[in-house]
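Asks: Below is the file work35.pdb, with PDB, C-alpha atoms and all ligand atoms.
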ATOM      1  CA  MET G   1      92.866 122.503 107.208  1.00  0.00           C
ATOM      2  CA  ARG G   2      92.243 118.771 107.244  1.00  0.00           C
ATOM      3  CA  PHE G   3      93.866 116.151 105.003  1.00  0.00           C
ATOM      4  CA  ASP G   4      92.689 112.536 104.825  1.00  0.00           C
ATOM      5  CA  VAL G   5      94.961 110.237 102.843  1.00  0.00           C
ATOM      6  CA  LEU G   6      93.413 107.033 101.496  1.00  0.00           C
ATOM      7  CA  THR G   7      96.193 104.605 100.705  1.00  0.00           C
ATOM      8  CA  LEU G   8      97.277 100.978 100.771  1.00  0.00           C
ATOM      9  CA  PHE G   9     100.460 102.057 102.593  1.00  0.00           C
ATOM     10  CA  PRO G  10      99.564 104.446 105.445  1.00  0.00           C
ATOM     11  CA  GLU G  11     102.900 103.710 107.176  1.00  0.00           C
ATOM     12  CA  ILE G  12     104.658 105.788 104.500  1.00  0.00           C
ATOM     13  CA  PHE G  13     103.221 108.896 106.201  1.00  0.00           C
ATOM     14  CA  GLU G  14     104.503 108.142 109.723  1.00  0.00           C
ATOM     15  CA  GLY G  15     107.940 109.723 109.297  1.00  0.00           C
ATOM     16  CA  TYR G  16     106.543 112.518 107.169  1.00  0.00           C
ATOM     17  CA  ARG G  17     103.961 113.700 109.691  1.00  0.00           C
ATOM     18  CA  SER G  18     106.470 113.716 112.565  1.00  0.00           C
ATOM     19  CA  GLN G  19     108.984 116.187 111.104  1.00  0.00           C
ATOM     20  CA  SER G  20     109.503 119.884 110.582  1.00  0.00           C
ATOM     21  CA  LEU G  21     106.781 122.293 109.414  1.00  0.00           C
ATOM     22  CA  LEU G  22     104.022 119.690 109.143  1.00  0.00           C
ATOM     23  CA  LYS G  23     104.696 118.410 112.659  1.00  0.00           C
ATOM     24  CA  LEU G  24     104.560 121.966 114.040  1.00  0.00           C
ATOM     25  CA  ALA G  25     101.411 122.767 112.073  1.00  0.00           C
ATOM     26  CA  ILE G  26      99.712 119.661 113.511  1.00  0.00           C
ATOM     27  CA  GLU G  27     100.863 120.493 117.054  1.00  0.00           C
ATOM     28  CA  ARG G  28      99.489 124.012 116.649  1.00  0.00           C
ATOM     29  CA  ASP G  29      96.108 122.666 115.405  1.00  0.00           C
ATOM     30  CA  LEU G  30      96.490 124.432 112.072  1.00  0.00           C
ATOM     31  CA  VAL G  31      96.574 121.189 110.102  1.00  0.00           C
ATOM     32  CA  GLU G  32      95.151 117.705 110.640  1.00  0.00           C
ATOM     33  CA  LEU G  33      96.541 114.695 108.781  1.00  0.00           C
ATOM     34  CA  HIS G  34      94.641 111.397 108.941  1.00  0.00           C
ATOM     35  CA  THR G  35      95.570 108.246 107.063  1.00  0.00           C
ATOM     36  CA  TRP G  36      93.218 105.414 106.145  1.00  0.00           C
ATOM     37  CA  ASN G  37      93.995 101.983 104.763  1.00  0.00           C
ATOM     38  CA  ILE G  38      91.831 101.189 101.744  1.00  0.00           C
ATOM     39  CA  ARG G  39      92.398  97.487 102.465  1.00  0.00           C
ATOM     40  CA  ASP G  40      90.460  97.799 105.750  1.00  0.00           C
ATOM     41  CA  HIS G  41      87.332  98.324 103.638  1.00  0.00           C
ATOM     42  CA  THR G  42      87.540  95.355 101.293  1.00  0.00           C
ATOM     43  CA  GLU G  43      84.780  92.773 101.421  1.00  0.00           C
ATOM     44  CA  ASP G  44      87.085  90.149  99.904  1.00  0.00           C
ATOM     45  CA  LYS G  45      87.702  87.295 102.311  1.00  0.00           C
ATOM     46  CA  HIS G  46      91.399  87.262 101.350  1.00  0.00           C
ATOM     47  CA  GLN G  47      91.678  91.026 101.870  1.00  0.00           C
ATOM     48  CA  LYS G  48      92.292  91.597  98.145  1.00  0.00           C
ATOM     49  CA  VAL G  49      91.779  95.105  96.807  1.00  0.00           C
ATOM     50  CA  ASP G  50      92.922  94.580  93.208  1.00  0.00           C
ATOM     51  CA  ASP G  51      92.093  92.468  90.193  1.00  0.00           C
ATOM     52  CA  LYS G  52      93.155  91.815  86.601  1.00  0.00           C
ATOM     53  CA  PRO G  53      92.069  94.294  83.907  1.00  0.00           C
ATOM     54  CA  PHE G  54      89.233  93.229  81.627  1.00  0.00           C
ATOM     55  CA  GLY G  55      90.534  92.842  78.083  1.00  0.00           C
ATOM     56  CA  GLY G  56      93.948  91.750  79.310  1.00  0.00           C
ATOM     57  CA  GLY G  57      97.122  93.710  79.848  1.00  0.00           C
ATOM     58  CA  PRO G  58      99.830  93.865  82.462  1.00  0.00           C
ATOM     59  CA  GLY G  59      99.414  94.231  86.211  1.00  0.00           C
ATOM     60  CA  MET G  60      96.456  94.727  88.479  1.00  0.00           C
ATOM     61  CA  LEU G  61      93.920  97.489  89.028  1.00  0.00           C
ATOM     62  CA  ILE G  62      92.493  98.759  92.305  1.00  0.00           C
ATOM     63  CA  ALA G  63      88.860  97.661  92.333  1.00  0.00           C
ATOM     64  CA  CYS G  64      85.791  99.821  92.953  1.00  0.00           C
ATOM     65  CA  GLN G  65      84.289  98.293  96.101  1.00  0.00           C
ATOM     66  CA  PRO G  66      87.086  98.941  98.637  1.00  0.00           C
ATOM     67  CA  VAL G  67      87.669 102.470  97.336  1.00  0.00           C
ATOM     68  CA  TYR G  68      83.978 103.473  97.286  1.00  0.00           C
ATOM     69  CA  ASP G  69      83.481 102.067 100.786  1.00  0.00           C
ATOM     70  CA  CYS G  70      86.653 103.705 102.112  1.00  0.00           C
ATOM     71  CA  VAL G  71      85.802 107.114 100.619  1.00  0.00           C
ATOM     72  CA  GLU G  72      82.229 106.971 101.935  1.00  0.00           C
ATOM     73  CA  ALA G  73      83.387 105.939 105.430  1.00  0.00           C
ATOM     74  CA  VAL G  74      86.030 108.679 105.594  1.00  0.00           C
ATOM     75  CA  GLN G  75      83.542 111.295 104.397  1.00  0.00           C
ATOM     76  CA  GLN G  76      81.362 110.430 107.401  1.00  0.00           C
ATOM     77  CA  GLU G  77      84.237 111.403 109.720  1.00  0.00           C
ATOM     78  CA  GLY G  78      84.645 115.064 110.559  1.00  0.00           C
ATOM     79  CA  GLU G  79      82.407 118.049 110.066  1.00  0.00           C
ATOM     80  CA  SER G  80      82.228 118.165 106.264  1.00  0.00           C
ATOM     81  CA  PRO G  81      82.679 115.451 103.621  1.00  0.00           C
ATOM     82  CA  GLY G  82      85.551 117.431 102.067  1.00  0.00           C
ATOM     83  CA  ARG G  83      86.666 117.368  98.440  1.00  0.00           C
ATOM     84  CA  LEU G  84      88.070 114.180  96.960  1.00  0.00           C
ATOM     85  CA  LEU G  85      91.351 114.321  95.000  1.00  0.00           C
ATOM     86  CA  MET G  86      92.566 111.392  92.923  1.00  0.00           C
ATOM     87  CA  MET G  87      96.314 111.180  92.373  1.00  0.00           C
ATOM     88  CA  THR G  88      96.797 110.202  88.734  1.00  0.00           C
ATOM     89  CA  PRO G  89      99.222 110.994  85.891  1.00  0.00           C
ATOM     90  CA  ALA G  90      96.104 111.780  83.818  1.00  0.00           C
ATOM     91  CA  GLY G  91      95.112 114.657  86.104  1.00  0.00           C
ATOM     92  CA  ARG G  92      95.589 118.409  85.921  1.00  0.00           C
ATOM     93  CA  ARG G  93      99.251 119.173  86.431  1.00  0.00           C
ATOM     94  CA  LEU G  94     100.046 120.661  89.829  1.00  0.00           C
ATOM     95  CA  ASP G  95     101.348 124.221  89.730  1.00  0.00           C
ATOM     96  CA  GLN G  96     101.151 127.160  92.126  1.00  0.00           C
ATOM     97  CA  THR G  97      97.796 128.339  90.733  1.00  0.00           C
ATOM     98  CA  PHE G  98      96.308 124.880  91.242  1.00  0.00           C
ATOM     99  CA  VAL G  99      97.864 124.723  94.744  1.00  0.00           C
ATOM    100  CA  SER G 100      96.194 128.055  95.639  1.00  0.00           C
ATOM    101  CA  GLU G 101      92.845 126.697  94.441  1.00  0.00           C
ATOM    102  CA  LEU G 102      93.267 123.549  96.561  1.00  0.00           C
ATOM    103  CA  ALA G 103      94.185 125.662  99.597  1.00  0.00           C
ATOM    104  CA  GLU G 104      90.683 127.191  99.459  1.00  0.00           C
ATOM    105  CA  PHE G 105      89.131 123.916 100.660  1.00  0.00           C
ATOM    106  CA  ASP G 106      88.998 123.256 104.381  1.00  0.00           C
ATOM    107  CA  ARG G 107      89.182 119.482 103.916  1.00  0.00           C
ATOM    108  CA  LEU G 108      90.845 117.397 101.190  1.00  0.00           C
ATOM    109  CA  LEU G 109      90.673 113.605 100.776  1.00  0.00           C
ATOM    110  CA  LEU G 110      93.665 112.340  98.800  1.00  0.00           C
ATOM    111  CA  LEU G 111      93.160 109.015  97.057  1.00  0.00           C
ATOM    112  CA  CYS G 112      96.446 107.237  96.287  1.00  0.00           C
ATOM    113  CA  GLY G 113      96.699 104.574  93.599  1.00  0.00           C
ATOM    114  CA  ARG G 114      99.151 101.675  93.296  1.00  0.00           C
ATOM    115  CA  TYR G 115      99.792  98.878  90.776  1.00  0.00           C
ATOM    116  CA  GLU G 116      98.419  99.891  87.338  1.00  0.00           C
ATOM    117  CA  GLY G 117      96.030 102.425  88.851  1.00  0.00           C
ATOM    118  CA  PHE G 118      92.266 102.483  89.359  1.00  0.00           C
ATOM    119  CA  ASP G 119      89.189 100.899  87.770  1.00  0.00           C
ATOM    120  CA  ASP G 120      87.875 103.873  85.758  1.00  0.00           C
ATOM    121  CA  ARG G 121      84.478 103.694  87.465  1.00  0.00           C
ATOM    122  CA  ILE G 122      86.107 105.132  90.589  1.00  0.00           C
ATOM    123  CA  ARG G 123      86.747 108.318  88.614  1.00  0.00           C
ATOM    124  CA  GLN G 124      83.319 108.205  86.934  1.00  0.00           C
ATOM    125  CA  GLY G 125      81.293 107.650  90.105  1.00  0.00           C
ATOM    126  CA  LEU G 126      83.196 109.592  92.773  1.00  0.00           C
ATOM    127  CA  ASN G 127      83.897 112.647  90.615  1.00  0.00           C
ATOM    128  CA  PRO G 128      87.291 113.479  92.126  1.00  0.00           C
ATOM    129  CA  ILE G 129      89.527 116.380  91.179  1.00  0.00           C
ATOM    130  CA  GLU G 130      92.278 114.517  89.317  1.00  0.00           C
ATOM    131  CA  VAL G 131      95.779 115.699  90.212  1.00  0.00           C
ATOM    132  CA  SER G 132      99.051 114.915  88.449  1.00  0.00           C
ATOM    133  CA  VAL G 133     102.357 116.008  89.919  1.00  0.00           C
ATOM    134  CA  GLY G 134     104.131 115.895  86.548  1.00  0.00           C
ATOM    135  CA  ASP G 135     104.581 114.094  83.283  1.00  0.00           C
ATOM    136  CA  PHE G 136     106.166 110.971  84.734  1.00  0.00           C
ATOM    137  CA  VAL G 137     104.910 107.873  86.499  1.00  0.00           C
ATOM    138  CA  CYS G 138     105.511 107.209  90.200  1.00  0.00           C
ATOM    139  CA  ASN G 139     105.047 103.776  91.775  1.00  0.00           C
ATOM    140  CA  GLY G 140     102.185 105.043  93.883  1.00  0.00           C
ATOM    141  CA  GLY G 141     100.131 108.087  94.777  1.00  0.00           C
ATOM    142  CA  GLU G 142     101.673 108.563  98.226  1.00  0.00           C
ATOM    143  CA  VAL G 143     104.587 110.808  97.213  1.00  0.00           C
ATOM    144  CA  PRO G 144     102.288 112.828  94.913  1.00  0.00           C
ATOM    145  CA  ALA G 145      99.868 113.210  97.862  1.00  0.00           C
ATOM    146  CA  MET G 146     102.721 114.422 100.054  1.00  0.00           C
ATOM    147  CA  LEU G 147     103.561 116.974  97.380  1.00  0.00           C
ATOM    148  CA  VAL G 148     100.005 118.286  97.520  1.00  0.00           C
ATOM    149  CA  ILE G 149     100.165 118.511 101.318  1.00  0.00           C
ATOM    150  CA  GLU G 150     103.638 120.107 101.224  1.00  0.00           C
ATOM    151  CA  THR G 151     102.551 122.823  98.837  1.00  0.00           C
ATOM    152  CA  VAL G 152      99.078 123.492 100.230  1.00  0.00           C
ATOM    153  CA  ILE G 153     100.080 123.838 103.891  1.00  0.00           C
ATOM    154  CA  ARG G 154     102.500 126.652 102.974  1.00  0.00           C
ATOM    155  CA  LEU G 155      99.388 128.686 102.157  1.00  0.00           C
ATOM    156  CA  VAL G 156      97.517 127.867 105.372  1.00  0.00           C
ATOM    157  CA  PRO G 157      97.644 131.007 107.539  1.00  0.00           C
ATOM    158  CA  GLY G 158     100.048 130.618 110.464  1.00  0.00           C
ATOM    159  CA  VAL G 159     101.913 127.552 109.147  1.00  0.00           C
ATOM    160  CA  LEU G 160     104.980 129.472 108.004  1.00  0.00           C
ATOM    161  CA  GLY G 161     106.812 131.317 110.751  1.00  0.00           C
ATOM    162  CA  ASP G 162     107.186 134.448 108.686  1.00  0.00           C
ATOM    163  CA  GLU G 163     103.788 135.221 107.196  1.00  0.00           C
ATOM    164  CA  THR G 164     105.326 136.931 104.210  1.00  0.00           C
ATOM    165  CA  SER G 165     107.613 134.122 103.169  1.00  0.00           C
ATOM    166  CA  SER G 166     105.224 132.223 100.866  1.00  0.00           C
ATOM    167  CA  LYS G 167     104.390 135.553  99.210  1.00  0.00           C
ATOM    168  CA  TYR G 168     107.990 135.922  98.010  1.00  0.00           C
ATOM    169  CA  ASP G 169     108.410 132.285  96.921  1.00  0.00           C
ATOM    170  CA  SER G 170     108.998 131.414  93.295  1.00  0.00           C
ATOM    171  CA  PHE G 171     105.707 131.288  91.309  1.00  0.00           C
ATOM    172  CA  ALA G 172     103.847 133.190  94.058  1.00  0.00           C
ATOM    173  CA  GLU G 173     102.453 136.713  93.646  1.00  0.00           C
ATOM    174  CA  THR G 174     104.842 137.846  90.913  1.00  0.00           C
ATOM    175  CA  GLY G 175     104.703 134.527  89.028  1.00  0.00           C
ATOM    176  CA  LEU G 176     108.513 134.725  88.681  1.00  0.00           C
ATOM    177  CA  LEU G 177     111.354 132.561  89.964  1.00  0.00           C
ATOM    178  CA  GLU G 178     112.981 133.759  93.156  1.00  0.00           C
ATOM    179  CA  TYR G 179     116.105 135.960  93.097  1.00  0.00           C
ATOM    180  CA  PRO G 180     119.408 134.468  94.417  1.00  0.00           C
ATOM    181  CA  GLN G 181     119.903 134.589  98.177  1.00  0.00           C
ATOM    182  CA  TYR G 182     123.026 134.486 100.341  1.00  0.00           C
ATOM    183  CA  THR G 183     123.892 134.052 103.998  1.00  0.00           C
ATOM    184  CA  ARG G 184     127.151 134.271 105.964  1.00  0.00           C
ATOM    185  CA  PRO G 185     130.064 134.201 105.322  1.00  0.00           C
ATOM    186  CA  ARG G 186     130.515 137.077 102.874  1.00  0.00           C
ATOM    187  CA  ASP G 187     133.308 135.184 101.140  1.00  0.00           C
ATOM    188  CA  PHE G 188     133.236 131.415 100.779  1.00  0.00           C
ATOM    189  CA  ARG G 189     136.201 129.978  98.891  1.00  0.00           C
ATOM    190  CA  GLY G 190     136.422 133.142  96.831  1.00  0.00           C
ATOM    191  CA  LEU G 191     132.696 133.207  96.017  1.00  0.00           C
ATOM    192  CA  THR G 192     131.426 136.540  97.266  1.00  0.00           C
ATOM    193  CA  VAL G 193     128.050 138.068  98.076  1.00  0.00           C
ATOM    194  CA  PRO G 194     126.882 140.807  95.644  1.00  0.00           C
ATOM    195  CA  GLU G 195     127.881 144.195  97.093  1.00  0.00           C
ATOM    196  CA  VAL G 196     124.371 145.634  96.816  1.00  0.00           C
ATOM    197  CA  LEU G 197     123.068 143.155  99.433  1.00  0.00           C
ATOM    198  CA  LEU G 198     125.606 144.485 101.928  1.00  0.00           C
ATOM    199  CA  SER G 199     124.842 148.139 101.164  1.00  0.00           C
ATOM    200  CA  GLY G 200     121.914 148.567 103.566  1.00  0.00           C
ATOM    201  CA  ASN G 201     120.096 150.494 100.809  1.00  0.00           C
ATOM    202  CA  HIS G 202     116.683 148.793 100.771  1.00  0.00           C
ATOM    203  CA  GLU G 203     115.477 150.496  97.631  1.00  0.00           C
ATOM    204  CA  GLU G 204     118.576 149.342  95.724  1.00  0.00           C
ATOM    205  CA  ILE G 205     118.223 145.847  97.154  1.00  0.00           C
ATOM    206  CA  GLU G 206     114.577 145.631  96.053  1.00  0.00           C
ATOM    207  CA  ARG G 207     115.492 146.832  92.552  1.00  0.00           C
ATOM    208  CA  TRP G 208     118.343 144.293  92.306  1.00  0.00           C
ATOM    209  CA  ARG G 209     116.085 141.477  93.462  1.00  0.00           C
ATOM    210  CA  THR G 210     113.375 142.323  90.938  1.00  0.00           C
ATOM    211  CA  GLU G 211     115.940 142.491  88.131  1.00  0.00           C
ATOM    212  CA  GLU G 212     117.508 139.188  89.179  1.00  0.00           C
ATOM    213  CA  SER G 213     114.070 137.510  89.384  1.00  0.00           C
ATOM    214  CA  LEU G 214     113.328 138.682  85.869  1.00  0.00           C
ATOM    215  CA  ARG G 215     116.749 137.650  84.566  1.00  0.00           C
ATOM    216  CA  ILE G 216     116.578 134.150  86.030  1.00  0.00           C
ATOM    217  CA  THR G 217     113.000 133.643  84.885  1.00  0.00           C
ATOM    218  CA  ARG G 218     113.856 134.825  81.359  1.00  0.00           C
ATOM    219  CA  GLU G 219     116.927 132.565  81.195  1.00  0.00           C
ATOM    220  CA  ARG G 220     115.374 129.427  82.669  1.00  0.00           C
ATOM    221  CA  ARG G 221     111.610 129.645  82.297  1.00  0.00           C
ATOM    222  CA  GLY G 222     110.724 132.081  79.532  1.00  0.00           C
ATOM    223  CA  ASP G 223     107.279 130.422  79.405  1.00  0.00           C
ATOM    224  CA  LEU G 224     106.430 132.036  82.769  1.00  0.00           C
ATOM    225  CA  LEU G 225     106.828 135.533  81.310  1.00  0.00           C
ATOM    226  CA  GLU G 226     104.312 134.977  78.513  1.00  0.00           C
TER     227      GLU G 226
HETATM  228  N1  LIG T   1      99.294 102.751  84.720  1.00  0.00           N
HETATM  229  C1  LIG T   1      99.174 104.106  85.175  1.00  0.00           C
HETATM  230  C2  LIG T   1      99.361 105.049  83.997  1.00  0.00           C
HETATM  231  O1  LIG T   1     100.081 104.709  83.069  1.00  0.00           O
HETATM  232  O2  LIG T   1      98.821 106.179  84.058  1.00  0.00           O
HETATM  233  C3  LIG T   1     100.215 104.425  86.238  1.00  0.00           C
HETATM  234  C4  LIG T   1      99.949 103.777  87.545  1.00  0.00           C
HETATM  235  S1  LIG T   1     101.127 104.241  88.760  1.00  0.00           S
HETATM  236  C5  LIG T   1     102.299 102.965  88.638  1.00  0.00           C
HETATM  237  C6  LIG T   1     100.288 103.902  90.273  1.00  0.00           C
HETATM  238  C7  LIG T   1      99.679 105.110  90.949  1.00  0.00           C
HETATM  239  O3  LIG T   1     100.673 106.074  91.228  1.00  0.00           O
HETATM  240  C8  LIG T   1      98.633 105.859  90.178  1.00  0.00           C
HETATM  241  O4  LIG T   1      97.366 105.228  90.256  1.00  0.00           O
HETATM  242  C9  LIG T   1      98.634 107.215  90.857  1.00  0.00           C
HETATM  243  O5  LIG T   1      97.847 107.199  92.033  1.00  0.00           O
HETATM  244  C10 LIG T   1     100.083 107.363  91.255  1.00  0.00           C
HETATM  245  N2  LIG T   1     100.852 108.221  90.324  1.00  0.00           N
HETATM  246  C11 LIG T   1     101.842 107.837  89.511  1.00  0.00           C
HETATM  247  N3  LIG T   1     102.347 108.863  88.822  1.00  0.00           N
HETATM  248  C12 LIG T   1     101.658 109.961  89.217  1.00  0.00           C
HETATM  249  C13 LIG T   1     101.701 111.331  88.861  1.00  0.00           C
HETATM  250  N4  LIG T   1     102.533 111.781  87.938  1.00  0.00           N
HETATM  251  N5  LIG T   1     100.858 112.179  89.476  1.00  0.00           N
HETATM  252  C14 LIG T   1      99.991 111.730  90.411  1.00  0.00           C
HETATM  253  N6  LIG T   1      99.891 110.425  90.777  1.00  0.00           N
HETATM  254  C15 LIG T   1     100.702 109.558  90.196  1.00  0.00           C
END
Please render this file's structure as structure tokens.

Replies:
Amino acid sequence: MRFDVLTLFPEIFEGYRSQSLLKLAIERDLVELHTWNIRDHTEDKHQKVDDKPFGGGPGMLIACQPVYDCVEAVQQEGESPGRLLMMTPAGRRLDQTFVSELAEFDRLLLLCGRYEGFDDRIRQGLNPIEVSVGDFVCNGGEVPAMLVIETVIRLVPGVLGDETSSKYDSFAETGLLEYPQYTRPRDFRGLTVPEVLLSGNHEEIERWRTEESLRITRERRGDLLE
């Protein structure tokens, strides 16, 4: 699976791509992550990519020309043009169903905004899938783009060591929150591990886990049961 991030701050991704699961996935050729600086595509002689909004208002907007040129240049790279995502609070809210849909693509281009966002003609003309990571406003689209990458690569075959582990995650196949988990020691400062998990009885353990998943989901996220 290939990700191309279009951003004004590609350096933000340097630490991210060199750690943990993503690093391993890249080394094992399961995932590619490329970053592109939108500013490299501006025709402005002062390297500007933004301008004031027509009609007035605070801040600056990212202008059409550098984004159109950057998207078109990046689409030329690689085997397929891929599907363009625009990171925006006005997009469809990211959840596990949406993540599974995004994981079906073999190439995603993630367009990250800054300042007050984008000239609306970028949305109108490039027809991106608009993605929001929640009902709040971040300073830029880079962390939202990382969230998309974080969640999608868990579904790329081979990325997780244990192939079953994304299946049992919260929100996955059952749509429920995960049951509580414990590791050693059995007693930590008087807090003990439920006896059933030490019983070796797999049927009992499965039943307990299902019940706990349901209990926690009912208590914390009743909306998921509807
Ligand atoms: N003025 C915009 C508004 O009110 O919708 C917010 C602009 S925000 C400061 C700058 C950029 O951060 C956006 O263009 C978008 O790319 C990104 N961003 C901020 N919050 C986001 C969210 N919840 N989901 C996805 N992207 C977000």

Asks: Need to verify the contact set: range 216-221 of chain G, 7 Å, all atoms listed in the file, exclusion of same-chain residues closer than 4 positions in sequence. Can you return it as an NGL selection string?

Replies: :G and (176-177 or 212)

Asks: Do you have the CA of Gly15 in chain G-CA of Asp29 in chain G distance handy?

Replies: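 Going from CA of Gly15 in chain G over to CA of Asp29 in chain G covers 18.6 Å.
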
Asks: Select the residues contacting ligand LIG 1 (chain T) at a distance of at most 9 Å, based on only C-alpha atoms and all ligand atoms, then format the selection as a count of residues only.

Replies: 36

Asks: Can you list what the PyMOL selection byres (((chain G and resi 122) around 9) and not hetatm) grabs from this structure, as a list in words?

Replies: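 Residues picked by the PyMOL selection byres (((chain G and resi 122) around 9) and not hetatm): Ala63, Cys64, Gln65, Val67, Tyr68, Phe118, Asp119, Asp120, Arg121, Arg123, Gln124, Gly125, Leu126, Asn127 and Pro128 of chain G.
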
Asks: Rounded to one decimal, what separation in Å do you get between CA of Tyr168 in chain G and CA of Glu101 in chain G?

Replies: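 A separation of 18.1 Å between them.
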
Asks: Do you know which residues the PyMOL selection byres (((chain G and resi 35) around 7) and not hetatm) returns on this file, as a list of chain:residue names?

Replies: G:Asp4, G:Val5, G:Leu6, G:Pro10, G:Leu33, G:His34, G:Trp36, G:Asn37

Asks: Check the smallest atom-to-atom distance from each of G:Glu211, G:Glu204, G:Glu178, G:Glu14 to Met146 in chain G using all atoms listed in the file, then report the winner.

Replies: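 Answer, going by the shortest atom-to-atom distance: G:Glu14.
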
Asks: Just give me the gap between CA of Thr7 in chain G and CA of Arg28 in chain G in Å, one decimal is fine.

Replies: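 Between CA of Thr7 in chain G and CA of Arg28 in chain G the gap is 25.3 Å.
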
Asks: When you count all atoms listed in the file, which of these residues is closest to Arg17 in chain G: G:Val49, G:Ile149, G:Ile129, G:Leu85?

Replies: G:Ile149

Asks: Expand the PyMOL selection byres (((chain G and resi 183) around 12) and not hetatm) into the explicit residue set it covers here, and present it as a PyMOL selection string.

Replies: chain G and resi 180-182+184-188+191-194+197-198

Asks: G:Pro81, G:Gly158, G:Gly56, G:Gly222: which is nearest Leu24 in chain G, counting all atoms listed in the file?

Replies: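 Between G:Pro81, G:Gly158, G:Gly56, G:Gly222, the residue approaching Leu24 in chain G most closely is G:Gly158.
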
Asks: Which of these, G:Glu11, G:Phe171, G:Arg2, G:Lys48, has the shortest distance to Leu102 in chain G once you count all atoms listed in the file?

Replies: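 Of G:Glu11, G:Phe171, G:Arg2, G:Lys48, the one nearest Leu102 in chain G, counting all atoms listed in the file, is G:Arg2.
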
Asks: Which one of G:Asp162, G:Glu150, G:Glu206, G:Glu226 sits closest to Leu22 in chain G if you count all atoms listed in the file?

Replies: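 For Leu22 in chain G, the nearest of the given residues is G:Glu150.
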
Asks: Which residues are near Thr174 in chain G? Cut-off 12 Å, all atoms listed in the file, ignore same chain within fewer than 4 positions. Put them as a PyMOL selection string.

Replies: chain G and resi 96-97+166-170+178-179+210+213-214+217+224-225

Asks: Restricting the calculation to all atoms listed in the file, which member of G:Ser80, G:Gln47, G:Thr151, G:Thr42 is positioned closest to Phe98 in chain G?

Replies: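 Once distances to Phe98 in chain G are computed over all atoms listed in the file, the minimum belongs to G:Thr151.
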
Asks: Edge lengths and centre in Å to one decimal, as JSON, is what I'm after for the box along x, y and z that holds all listed atoms of range 81-91 of chain G once 3 Å is added on each side.

Replies:
{"center_x": 91.0, "center_y": 113.8, "center_z": 93.7, "size_x": 22.5, "size_y": 13.2, "size_z": 25.8}

Asks: Would you output range 34-38 of chain G from that structure, restricted to all heavy atoms, as a short mmCIF file (atom, residue, chain, number, x, y, z; two decimals), in the first residue's frame?

Replies:
data_model
loop_
_atom_site.label_atom_id
_atom_site.label_comp_id
_atom_site.auth_asym_id
_atom_site.auth_seq_id
_atom_site.Cartn_x
_atom_site.Cartn_y
_atom_site.Cartn_z
N HIS G 34 5.62 8.36 0.98
CA HIS G 34 6.35 9.44 0.30
C HIS G 34 5.77 10.77 0.76
O HIS G 34 4.56 10.88 0.95
CB HIS G 34 6.18 9.32 -1.22
CG HIS G 34 6.66 8.00 -1.75
ND1 HIS G 34 7.94 7.78 -2.20
CD2 HIS G 34 6.01 6.80 -1.88
CE1 HIS G 34 8.06 6.51 -2.59
NE2 HIS G 34 6.90 5.90 -2.40
N THR G 35 6.65 11.75 0.94
CA THR G 35 6.15 13.08 1.31
C THR G 35 6.56 14.08 0.23
O THR G 35 7.64 13.96 -0.38
CB THR G 35 6.71 13.52 2.67
OG1 THR G 35 8.12 13.36 2.65
CG2 THR G 35 6.12 12.71 3.80
N TRP G 36 5.70 15.05 0.01
CA TRP G 36 5.90 16.04 -1.05
C TRP G 36 5.59 17.42 -0.48
O TRP G 36 4.58 17.58 0.22
CB TRP G 36 4.96 15.76 -2.23
CG TRP G 36 5.04 14.35 -2.71
CD1 TRP G 36 4.31 13.29 -2.25
CD2 TRP G 36 5.92 13.83 -3.71
NE1 TRP G 36 4.67 12.14 -2.91
CE2 TRP G 36 5.66 12.44 -3.81
CE3 TRP G 36 6.90 14.39 -4.52
CZ2 TRP G 36 6.34 11.62 -4.70
CZ3 TRP G 36 7.58 13.58 -5.40
CH2 TRP G 36 7.30 12.21 -5.50
N ASN G 37 6.44 18.38 -0.81
CA ASN G 37 6.22 19.74 -0.32
C ASN G 37 5.41 20.53 -1.35
O ASN G 37 5.87 20.76 -2.47
CB ASN G 37 7.55 20.43 -0.04
CG ASN G 37 7.35 21.67 0.80
OD1 ASN G 37 6.28 22.30 0.76
ND2 ASN G 37 8.36 22.03 1.57
N ILE G 38 4.22 20.94 -0.93
CA ILE G 38 3.34 21.69 -1.84
C ILE G 38 4.06 22.97 -2.32
O ILE G 38 3.91 23.39 -3.47
CB ILE G 38 2.02 22.07 -1.11
CG1 ILE G 38 1.26 20.79 -0.72
CG2 ILE G 38 1.14 22.97 -1.98
CD1 ILE G 38 0.10 21.04 0.27
#
